[in-house]
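*Asks:* Contents are PDB, C-alpha atoms; file name data-v6.pdb:
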ATOM      1  CA  MET A   7       8.711  51.910 -12.214
ATOM      2  CA  ALA A   8       9.617  48.460 -10.902
ATOM      3  CA  SER A   9      12.816  46.936 -12.198
ATOM      4  CA  ASP A  10      13.032  43.448 -13.705
ATOM      5  CA  SER A  11      14.706  42.227 -10.527
ATOM      6  CA  ASP A  12      11.852  43.608  -8.422
ATOM      7  CA  ALA A  13       9.308  41.842 -10.629
ATOM      8  CA  ALA A  14      11.237  38.580 -10.402
ATOM      9  CA  ASP A  15      11.195  38.894  -6.615
ATOM     10  CA  GLU A  16       7.406  39.132  -6.536
ATOM     11  CA  VAL A  17       5.754  36.454  -4.389
ATOM     12  CA  LEU A  18       3.446  34.280  -6.486
ATOM     13  CA  HIS A  19       2.403  31.795  -3.810
ATOM     14  CA  ASP A  20       2.543  32.542  -0.105
ATOM     15  CA  PHE A  21       1.751  29.842   2.441
ATOM     16  CA  GLY A  22       2.930  31.726   5.494
ATOM     17  CA  PRO A  23       6.207  30.603   7.058
ATOM     18  CA  LEU A  24       5.903  27.129   5.511
ATOM     19  CA  LEU A  25       6.496  28.028   1.860
ATOM     20  CA  ARG A  26       6.920  31.028  -0.429
ATOM     21  CA  VAL A  27       7.337  30.755  -4.185
ATOM     22  CA  TYR A  28       8.619  33.740  -6.164
ATOM     23  CA  LYS A  29       8.048  34.730  -9.777
ATOM     24  CA  SER A  30      11.713  34.029 -10.458
ATOM     25  CA  GLY A  31      11.189  30.415  -9.419
ATOM     26  CA  ARG A  32      12.969  30.864  -6.104
ATOM     27  CA  VAL A  33      11.475  28.815  -3.266
ATOM     28  CA  GLU A  34      11.753  29.689   0.424
ATOM     29  CA  ARG A  35      10.879  27.532   3.421
ATOM     30  CA  PRO A  36      11.384  29.972   6.344
ATOM     31  CA  LEU A  37      10.077  27.640   9.038
ATOM     32  CA  VAL A  38      12.447  24.783   8.260
ATOM     33  CA  ALA A  39      15.450  24.472  10.582
ATOM     34  CA  PRO A  40      18.843  23.339   9.264
ATOM     35  CA  PRO A  41      19.111  19.562   8.865
ATOM     36  CA  VAL A  42      20.918  17.410  11.409
ATOM     37  CA  ALA A  43      23.344  14.671  10.485
ATOM     38  CA  PRO A  44      22.822  11.014  11.329
ATOM     39  CA  GLY A  45      25.036   9.224  13.832
ATOM     40  CA  LEU A  46      24.977   8.173  17.461
ATOM     41  CA  ASP A  47      22.368   9.943  19.590
ATOM     42  CA  ALA A  48      23.902  10.459  23.016
ATOM     43  CA  ALA A  49      20.550  10.769  24.784
ATOM     44  CA  THR A  50      19.072   7.470  23.577
ATOM     45  CA  GLY A  51      22.023   5.438  22.309
ATOM     46  CA  VAL A  52      20.294   5.074  18.917
ATOM     47  CA  HIS A  53      22.514   4.842  15.839
ATOM     48  CA  SER A  54      21.264   6.310  12.559
ATOM     49  CA  ARG A  55      22.533   6.415   8.998
ATOM     50  CA  ASP A  56      21.246   7.559   5.609
ATOM     51  CA  VAL A  57      20.699   5.332   2.585
ATOM     52  CA  GLN A  58      20.309   6.949  -0.841
ATOM     53  CA  LEU A  59      17.746   5.171  -3.013
ATOM     54  CA  GLY A  60      17.631   7.026  -6.298
ATOM     55  CA  HIS A  61      15.204   9.970  -6.213
ATOM     56  CA  TYR A  62      14.677   9.638  -2.465
ATOM     57  CA  SER A  63      16.499   8.400   0.628
ATOM     58  CA  VAL A  64      15.758   6.881   4.014
ATOM     59  CA  ARG A  65      17.296   7.433   7.424
ATOM     60  CA  LEU A  66      17.610   4.195   9.387
ATOM     61  CA  TYR A  67      17.497   4.050  13.197
ATOM     62  CA  LEU A  68      18.955   1.185  15.207
ATOM     63  CA  PRO A  69      18.323   1.248  18.984
ATOM     64  CA  PRO A  70      20.696  -0.249  21.576
ATOM     65  CA  ALA A  71      18.354  -3.232  22.048
ATOM     66  CA  ALA A  72      19.354  -4.436  18.583
ATOM     67  CA  VAL A  73      22.788  -5.529  19.796
ATOM     68  CA  ALA A  74      21.172  -8.362  21.719
ATOM     69  CA  GLY A  75      20.274  -9.985  18.412
ATOM     70  CA  ALA A  76      16.512  -9.923  18.939
ATOM     71  CA  LYS A  77      14.289  -9.127  15.988
ATOM     72  CA  LEU A  78      12.575  -5.758  16.415
ATOM     73  CA  PRO A  79       9.385  -4.233  15.009
ATOM     74  CA  VAL A  80       9.981  -2.070  11.936
ATOM     75  CA  ILE A  81       8.452   1.430  11.833
ATOM     76  CA  VAL A  82       8.399   3.055   8.400
ATOM     77  CA  TYR A  83       7.954   6.727   9.289
ATOM     78  CA  VAL A  84       6.776   9.503   6.963
ATOM     79  CA  HIS A  85       7.365  13.099   8.101
ATOM     80  CA  GLY A  86       4.891  15.955   7.793
ATOM     81  CA  GLY A  87       5.264  19.459   6.403
ATOM     82  CA  GLY A  88       2.323  19.933   4.067
ATOM     83  CA  PHE A  89       4.043  17.933   1.296
ATOM     84  CA  VAL A  90       6.219  21.020   0.709
ATOM     85  CA  ALA A  91       8.586  21.266   3.694
ATOM     86  CA  GLU A  92      10.679  19.386   6.250
ATOM     87  CA  SER A  93      12.684  16.189   5.767
ATOM     88  CA  ALA A  94      13.870  13.073   7.558
ATOM     89  CA  ALA A  95      16.837  15.197   8.686
ATOM     90  CA  SER A  96      14.693  17.929  10.256
ATOM     91  CA  PRO A  97      15.659  18.288  13.938
ATOM     92  CA  GLY A  98      12.153  17.585  15.271
ATOM     93  CA  CYS A  99      11.649  14.498  13.141
ATOM     94  CA  HIS A 100      15.131  13.164  13.904
ATOM     95  CA  ARG A 101      14.688  13.624  17.643
ATOM     96  CA  PHE A 102      11.257  11.966  17.586
ATOM     97  CA  LEU A 103      12.597   8.919  15.717
ATOM     98  CA  ASN A 104      15.477   8.568  18.171
ATOM     99  CA  THR A 105      13.025   8.739  21.081
ATOM    100  CA  LEU A 106      10.423   6.414  19.574
ATOM    101  CA  THR A 107      12.776   3.714  18.306
ATOM    102  CA  ALA A 108      14.606   3.608  21.640
ATOM    103  CA  ALA A 109      11.372   3.444  23.629
ATOM    104  CA  CYS A 110       9.713   0.652  21.630
ATOM    105  CA  PRO A 111      12.426  -0.594  20.852
ATOM    106  CA  ALA A 112      12.035  -0.720  17.063
ATOM    107  CA  LEU A 113      14.059  -0.350  13.909
ATOM    108  CA  GLY A 114      13.135   2.924  12.222
ATOM    109  CA  VAL A 115      12.985   3.674   8.503
ATOM    110  CA  SER A 116      12.348   7.411   8.073
ATOM    111  CA  VAL A 117      11.441   8.380   4.504
ATOM    112  CA  ASP A 118      13.003  11.465   2.923
ATOM    113  CA  TYR A 119      10.626  11.931  -0.002
ATOM    114  CA  ARG A 120      10.729  14.566  -2.702
ATOM    115  CA  LEU A 121       8.879  17.804  -1.941
ATOM    116  CA  ALA A 122       6.462  19.948  -3.913
ATOM    117  CA  PRO A 123       6.501  22.332  -5.700
ATOM    118  CA  GLU A 124       9.800  21.209  -7.218
ATOM    119  CA  HIS A 125       8.343  17.698  -7.360
ATOM    120  CA  PRO A 126       4.535  17.920  -7.319
ATOM    121  CA  LEU A 127       2.452  15.112  -5.923
ATOM    122  CA  PRO A 128       2.273  12.193  -6.447
ATOM    123  CA  ALA A 129       6.097  12.237  -6.042
ATOM    124  CA  ALA A 130       5.888  12.012  -2.233
ATOM    125  CA  TYR A 131       3.378   9.160  -2.434
ATOM    126  CA  ASP A 132       5.524   7.315  -4.973
ATOM    127  CA  ASP A 133       8.719   7.697  -2.953
ATOM    128  CA  SER A 134       7.036   6.562   0.259
ATOM    129  CA  LEU A 135       5.559   3.517  -1.461
ATOM    130  CA  ALA A 136       8.975   2.619  -2.857
ATOM    131  CA  ALA A 137      10.511   3.021   0.622
ATOM    132  CA  LEU A 138       7.906   0.732   2.189
ATOM    133  CA  LYS A 139       8.512  -1.924  -0.466
ATOM    134  CA  TRP A 140      12.263  -1.552   0.098
ATOM    135  CA  ALA A 141      11.801  -2.105   3.832
ATOM    136  CA  LEU A 142       9.512  -5.099   3.323
ATOM    137  CA  ALA A 143      12.154  -6.633   1.057
ATOM    138  CA  ALA A 144      14.787  -6.345   3.839
ATOM    139  CA  ALA A 145      17.154  -4.898   1.255
ATOM    140  CA  ASP A 146      19.429  -3.316   3.890
ATOM    141  CA  PRO A 147      21.680  -5.275   6.287
ATOM    142  CA  TRP A 148      20.182  -3.555   9.343
ATOM    143  CA  VAL A 149      16.655  -4.477   8.297
ATOM    144  CA  ALA A 150      17.647  -8.007   7.354
ATOM    145  CA  ALA A 151      19.527  -8.635  10.602
ATOM    146  CA  HIS A 152      17.313  -6.821  13.102
ATOM    147  CA  GLY A 153      13.881  -6.250  11.547
ATOM    148  CA  ASP A 154      10.893  -8.480  12.246
ATOM    149  CA  LEU A 155       8.945  -8.378   8.982
ATOM    150  CA  ALA A 156       5.929  -9.846  10.749
ATOM    151  CA  ARG A 157       5.717  -6.577  12.720
ATOM    152  CA  VAL A 158       5.960  -3.774  10.179
ATOM    153  CA  PHE A 159       4.177  -0.512  10.939
ATOM    154  CA  VAL A 160       3.671   2.646   8.911
ATOM    155  CA  ALA A 161       3.544   5.861  10.925
ATOM    156  CA  GLY A 162       3.583   9.548  10.168
ATOM    157  CA  ASP A 163       2.381  13.001  11.140
ATOM    158  CA  SER A 164       0.167  15.493   9.319
ATOM    159  CA  ALA A 165       0.903  15.151   5.580
ATOM    160  CA  GLY A 166       2.978  12.089   6.465
ATOM    161  CA  ALA A 167      -0.040  10.514   8.141
ATOM    162  CA  ASN A 168      -2.011  11.221   4.977
ATOM    163  CA  ILE A 169       0.662   9.348   3.038
ATOM    164  CA  CYS A 170       0.475   6.438   5.497
ATOM    165  CA  HIS A 171      -3.218   6.002   4.741
ATOM    166  CA  HIS A 172      -2.394   6.047   1.032
ATOM    167  CA  LEU A 173       0.177   3.304   1.611
ATOM    168  CA  ALA A 174      -2.252   1.189   3.622
ATOM    169  CA  VAL A 175      -4.864   1.189   0.835
ATOM    170  CA  HIS A 176      -2.495   1.066  -2.139
ATOM    171  CA  PRO A 177      -3.228  -1.982  -4.311
ATOM    172  CA  ASP A 178       0.426  -3.053  -4.311
ATOM    173  CA  VAL A 179       0.469  -3.154  -0.505
ATOM    174  CA  VAL A 180      -3.018  -4.629  -0.112
ATOM    175  CA  ALA A 181      -2.114  -7.418  -2.555
ATOM    176  CA  ALA A 182       1.205  -8.193  -0.848
ATOM    177  CA  GLU A 183       1.323 -11.527   0.908
ATOM    178  CA  GLY A 184       1.279 -11.121   4.672
ATOM    179  CA  PRO A 185       4.021 -12.847   6.675
ATOM    180  CA  GLN A 186       3.290 -16.083   8.500
ATOM    181  CA  GLN A 187       0.014 -16.627   6.597
ATOM    182  CA  ARG A 188      -1.406 -13.322   7.902
ATOM    183  CA  ALA A 189      -4.038 -11.794   5.660
ATOM    184  CA  ARG A 190      -2.635  -8.283   6.072
ATOM    185  CA  PRO A 191       1.045  -7.494   5.347
ATOM    186  CA  LEU A 192       1.285  -4.628   7.863
ATOM    187  CA  LYS A 193       0.912  -5.036  11.606
ATOM    188  CA  GLY A 194      -0.378  -1.537  12.097
ATOM    189  CA  ALA A 195      -0.613   2.127  11.081
ATOM    190  CA  VAL A 196      -0.131   5.150  13.351
ATOM    191  CA  LEU A 197      -1.602   8.375  11.996
ATOM    192  CA  ILE A 198      -0.591  11.406  14.080
ATOM    193  CA  HIS A 199      -2.745  14.491  13.452
ATOM    194  CA  PRO A 200      -3.513  13.348   9.885
ATOM    195  CA  TRP A 201      -4.085  15.969   7.225
ATOM    196  CA  PHE A 202      -7.368  15.009   5.609
ATOM    197  CA  TRP A 203      -9.986  17.417   4.307
ATOM    198  CA  GLY A 204     -13.112  17.541   2.154
ATOM    199  CA  SER A 205     -15.788  19.740   0.642
ATOM    200  CA  GLU A 206     -18.281  18.890   3.393
ATOM    201  CA  ALA A 207     -17.546  19.839   6.991
ATOM    202  CA  VAL A 208     -17.403  17.171   9.673
ATOM    203  CA  GLY A 209     -17.778  17.698  13.417
ATOM    204  CA  GLY A 210     -16.983  21.262  14.389
ATOM    205  CA  GLU A 211     -15.182  22.203  11.162
ATOM    206  CA  PRO A 212     -16.228  25.505   9.536
ATOM    207  CA  SER A 213     -18.790  24.941   6.802
ATOM    208  CA  HIS A 214     -18.432  28.208   4.885
ATOM    209  CA  PRO A 215     -17.183  27.538   1.318
ATOM    210  CA  ALA A 216     -14.311  29.991   1.747
ATOM    211  CA  ALA A 217     -13.127  28.124   4.861
ATOM    212  CA  ARG A 218     -13.418  24.796   3.056
ATOM    213  CA  ALA A 219     -11.327  26.142   0.179
ATOM    214  CA  MET A 220      -8.705  27.594   2.548
ATOM    215  CA  GLY A 221      -8.234  24.205   4.204
ATOM    216  CA  ALA A 222      -7.410  22.635   0.847
ATOM    217  CA  ARG A 223      -5.414  25.496  -0.695
ATOM    218  CA  LEU A 224      -1.948  24.083  -0.017
ATOM    219  CA  TRP A 225      -3.033  20.574  -1.030
ATOM    220  CA  LEU A 226      -4.309  21.770  -4.416
ATOM    221  CA  PHE A 227      -1.062  23.662  -4.958
ATOM    222  CA  ALA A 228       1.087  20.638  -4.079
ATOM    223  CA  CYS A 229      -1.047  18.303  -6.188
ATOM    224  CA  PRO A 230      -1.997  20.195  -9.373
ATOM    225  CA  GLY A 231      -3.596  17.080 -10.841
ATOM    226  CA  ALA A 232      -5.943  16.576  -7.887
ATOM    227  CA  ALA A 233      -9.658  16.065  -8.415
ATOM    228  CA  GLY A 234     -10.525  18.841  -5.976
ATOM    229  CA  MET A 235     -10.556  18.615  -2.194
ATOM    230  CA  ASP A 236     -12.542  15.371  -2.344
ATOM    231  CA  ASP A 237      -9.736  13.608  -4.181
ATOM    232  CA  PRO A 238      -9.471  10.248  -2.343
ATOM    233  CA  ARG A 239      -5.903  11.074  -1.370
ATOM    234  CA  MET A 240      -7.129  14.069   0.637
ATOM    235  CA  ASN A 241     -10.561  12.757   1.598
ATOM    236  CA  PRO A 242     -10.375   9.005   2.270
ATOM    237  CA  MET A 243     -14.076   9.011   3.169
ATOM    238  CA  ALA A 244     -15.202  10.511  -0.147
ATOM    239  CA  PRO A 245     -17.417   8.532  -2.537
ATOM    240  CA  GLY A 246     -15.213   6.434  -4.787
ATOM    241  CA  ALA A 247     -12.277   6.330  -2.354
ATOM    242  CA  PRO A 248     -10.715   2.903  -1.716
ATOM    243  CA  GLY A 249     -12.742   1.017   0.871
ATOM    244  CA  LEU A 250     -11.388   1.422   4.397
ATOM    245  CA  GLU A 251     -12.046  -2.275   4.984
ATOM    246  CA  THR A 252      -9.252  -3.030   2.493
ATOM    247  CA  MET A 253      -6.502  -1.390   4.582
ATOM    248  CA  ALA A 254      -3.423  -3.588   4.610
ATOM    249  CA  CYS A 255      -2.880  -3.337   8.367
ATOM    250  CA  GLU A 256      -4.278  -5.300  11.274
ATOM    251  CA  ARG A 257      -4.733  -2.289  13.557
ATOM    252  CA  VAL A 258      -4.919   1.490  13.252
ATOM    253  CA  MET A 259      -4.045   4.183  15.783
ATOM    254  CA  VAL A 260      -5.125   7.790  15.224
ATOM    255  CA  CYS A 261      -3.787  10.654  17.331
ATOM    256  CA  ALA A 262      -5.667  13.957  17.517
ATOM    257  CA  ALA A 263      -5.109  17.189  19.472
ATOM    258  CA  GLU A 264      -7.769  19.441  21.001
ATOM    259  CA  HIS A 265      -6.513  22.690  19.463
ATOM    260  CA  ASP A 266      -5.716  21.241  16.029
ATOM    261  CA  PHE A 267      -8.146  22.340  13.305
ATOM    262  CA  LEU A 268      -7.759  18.828  11.844
ATOM    263  CA  ARG A 269      -8.987  17.070  14.994
ATOM    264  CA  TRP A 270     -12.543  16.619  13.757
ATOM    265  CA  ARG A 271     -11.335  15.006  10.580
ATOM    266  CA  GLY A 272      -9.025  12.660  12.479
ATOM    267  CA  ARG A 273     -11.829  11.589  14.785
ATOM    268  CA  ALA A 274     -14.206  11.021  11.852
ATOM    269  CA  TYR A 275     -11.551   8.963  10.089
ATOM    270  CA  ALA A 276     -11.011   6.758  13.150
ATOM    271  CA  GLU A 277     -14.759   6.214  13.458
ATOM    272  CA  ALA A 278     -15.054   5.367   9.760
ATOM    273  CA  VAL A 279     -12.231   2.824   9.929
ATOM    274  CA  ALA A 280     -13.789   1.244  13.013
ATOM    275  CA  ALA A 281     -17.141   0.997  11.227
ATOM    276  CA  ALA A 282     -15.464  -0.527   8.168
ATOM    277  CA  ARG A 283     -13.910  -3.149  10.434
ATOM    278  CA  GLY A 284     -17.336  -4.008  11.808
ATOM    279  CA  GLY A 285     -16.548  -2.725  15.269
ATOM    280  CA  GLU A 286     -13.803  -5.327  15.703
ATOM    281  CA  GLU A 287     -12.402  -4.955  19.214
ATOM    282  CA  GLY A 288      -8.928  -3.407  19.311
ATOM    283  CA  ALA A 289      -8.834  -2.734  15.568
ATOM    284  CA  VAL A 290      -8.835   1.063  15.969
ATOM    285  CA  GLU A 291      -7.424   3.196  18.773
ATOM    286  CA  LEU A 292      -8.039   6.942  19.080
ATOM    287  CA  LEU A 293      -5.845   9.119  21.304
ATOM    288  CA  GLU A 294      -7.074  12.672  21.818
ATOM    289  CA  THR A 295      -4.674  15.009  23.610
ATOM    290  CA  GLU A 296      -6.289  17.870  25.504
ATOM    291  CA  GLY A 297      -4.920  21.390  25.506
ATOM    292  CA  GLU A 298      -2.441  20.916  22.645
ATOM    293  CA  GLY A 299      -2.216  21.829  18.972
ATOM    294  CA  HIS A 300      -0.989  20.370  15.720
ATOM    295  CA  VAL A 301       2.200  18.267  16.077
ATOM    296  CA  PHE A 302       2.749  19.746  19.539
ATOM    297  CA  TYR A 303       5.183  16.959  20.453
ATOM    298  CA  VAL A 304       7.678  18.242  17.874
ATOM    299  CA  TYR A 305       7.838  21.646  19.580
ATOM    300  CA  LYS A 306       7.501  20.404  23.170
ATOM    301  CA  PRO A 307       9.180  16.974  23.113
ATOM    302  CA  ASP A 308       9.939  16.976  26.835
ATOM    303  CA  GLY A 309       6.407  17.824  27.910
ATOM    304  CA  ASP A 310       4.266  15.341  29.815
ATOM    305  CA  LYS A 311       1.696  15.099  27.042
ATOM    306  CA  ALA A 312       4.344  14.387  24.415
ATOM    307  CA  LYS A 313       5.713  11.641  26.645
ATOM    308  CA  GLU A 314       2.208  10.267  27.120
ATOM    309  CA  MET A 315       1.668  10.154  23.351
ATOM    310  CA  VAL A 316       4.956   8.326  22.818
ATOM    311  CA  ALA A 317       4.047   5.844  25.564
ATOM    312  CA  LYS A 318       0.690   5.160  23.888
ATOM    313  CA  ILE A 319       2.369   4.575  20.530
ATOM    314  CA  VAL A 320       4.905   2.256  22.183
ATOM    315  CA  GLY A 321       2.036   0.274  23.719
ATOM    316  CA  PHE A 322       0.323   0.079  20.317
ATOM    317  CA  VAL A 323       3.492  -1.172  18.600
ATOM    318  CA  ASN A 324       4.180  -3.782  21.277
ATOM    319  CA  ALA A 325       0.628  -5.080  21.614
ATOM    320  CA  PRO A 326       0.173  -8.745  20.573
TER     321      PRO A 326
END
How does the structure come out when it is put into structure tokens?
*Replies:*
Amino acid sequence: MASDSDAADEVLHDFGPLLRVYKSGRVERPLVAPPVAPGLDAATGVHSRDVQLGHYSVRLYLPPAAVAGAKLPVIVYVHGGGFVAESAASPGCHRFLNTLTAACPALGVSVDYRLAPEHPLPAAYDDSLAALKWALAAADPWVAAHGDLARVFVAGDSAGANICHHLAVHPDVVAAEGPQQRARPLKGAVLIHPWFWGSEAVGGEPSHPAARAMGARLWLFACPGAAGMDDPRMNPMAPGAPGLETMACERVMVCAAEHDFLRWRGRAYAEAVAAARGGEEGAVELLETEGEGHVFYVYKPDGDKAKEMVAKIVGFVNAP
């Protein structure tokens, strides 16, 4: 007969190495590496520090170019992890922000939002929206002194890219007055391997109902109030979703990877945004990396294809 302790240690929800939730309420995230502290990055010369903002925090990144006094683009970055794992202090995210902000150069604002299941969605969306508003208000001395608020970008990977789309269509952001009489308050959005899904398959996605349900299983767990897998937050192309033509950014870049099961969805999203913009030249850029999988650049940051992706993002950020 099982003891009470054995019953309490029963796994209720198992999402592989990303998340396990036990009957006792204990939560495990086996895949997540120990966090790294902010400070000076010896490889890039980027300084970073954390700012606590109530329920959430941000990690700011200041590259060496900032000492010259020039105003730099601002990249508000939202990490991935299925809405349930990782943080701004995760080693892969921290290294990527050091690399990207040095290469641009840009001032980085990496959002450390609350995670499900302890804080179910929309907590992550709410925290990321608050962080973007905080950055746009130049509420921190680094942002005020070194950030060019006419060149603010949102960027993120996987679930973080999903959140970036949500930010770009959020009424509060869409209604914000753009700097220098610009119609759109954000210069651009970079969605790396975005986690979108839906009840209907697109491209080469599996069409079997069981496969469709599996693709949305973690999302429905993280967002118990969701209206199914066609909730506009998961399927931005679903009927009733905010119009893609309303996005509060001038340009959009979507990154996809050949061996990522989300690649079809990312490609379809890029095509839908381009169509919503009326085929406007330069409004949407799609980068498809051959031979690589989901967020490959986190695991192989020194590889040629990771460097190529960073270079493409740098070009996107620095384009007129």
*Asks:* Within 6 Å of segment 248-251 of chain A, counting only C-alpha atoms, which residues qualify if same-chain residues fewer than 5 places away don't, as number ranges by chain?
*Replies:* A: 279, 282-283
*Asks:* Within 12 Å of (-5.4, 8.8, 17.4), only C-alpha atoms: residues as a PyMOL selection string?
*Replies:* chain A and resi 161-164+167+195-200+257-264+268-277+279+290-295+315-316+318-319+322
*Asks:* Mind giving me the straight-line distance from atom CA of Pro79 of chain A to atom CA of His171 of chain A in Å, one decimal?
*Replies:*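 Taking atom CA of Pro79 of chain A as the start and atom CA of His171 of chain A as the end point, the length is 19.2 Å.
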*Asks:* Could you tell me which residues the PyMOL selection byres ((chain A and resi 152) around 7) grabs in this file, written as a count of residues only?
*Replies:* 11
*Asks:* Nearest to Arg55 of chain A: which of A:Pro326, A:Gly114, A:Gly86, A:Gly221 is it, counting all atoms listed in the file?
*Replies:* A:Gly114
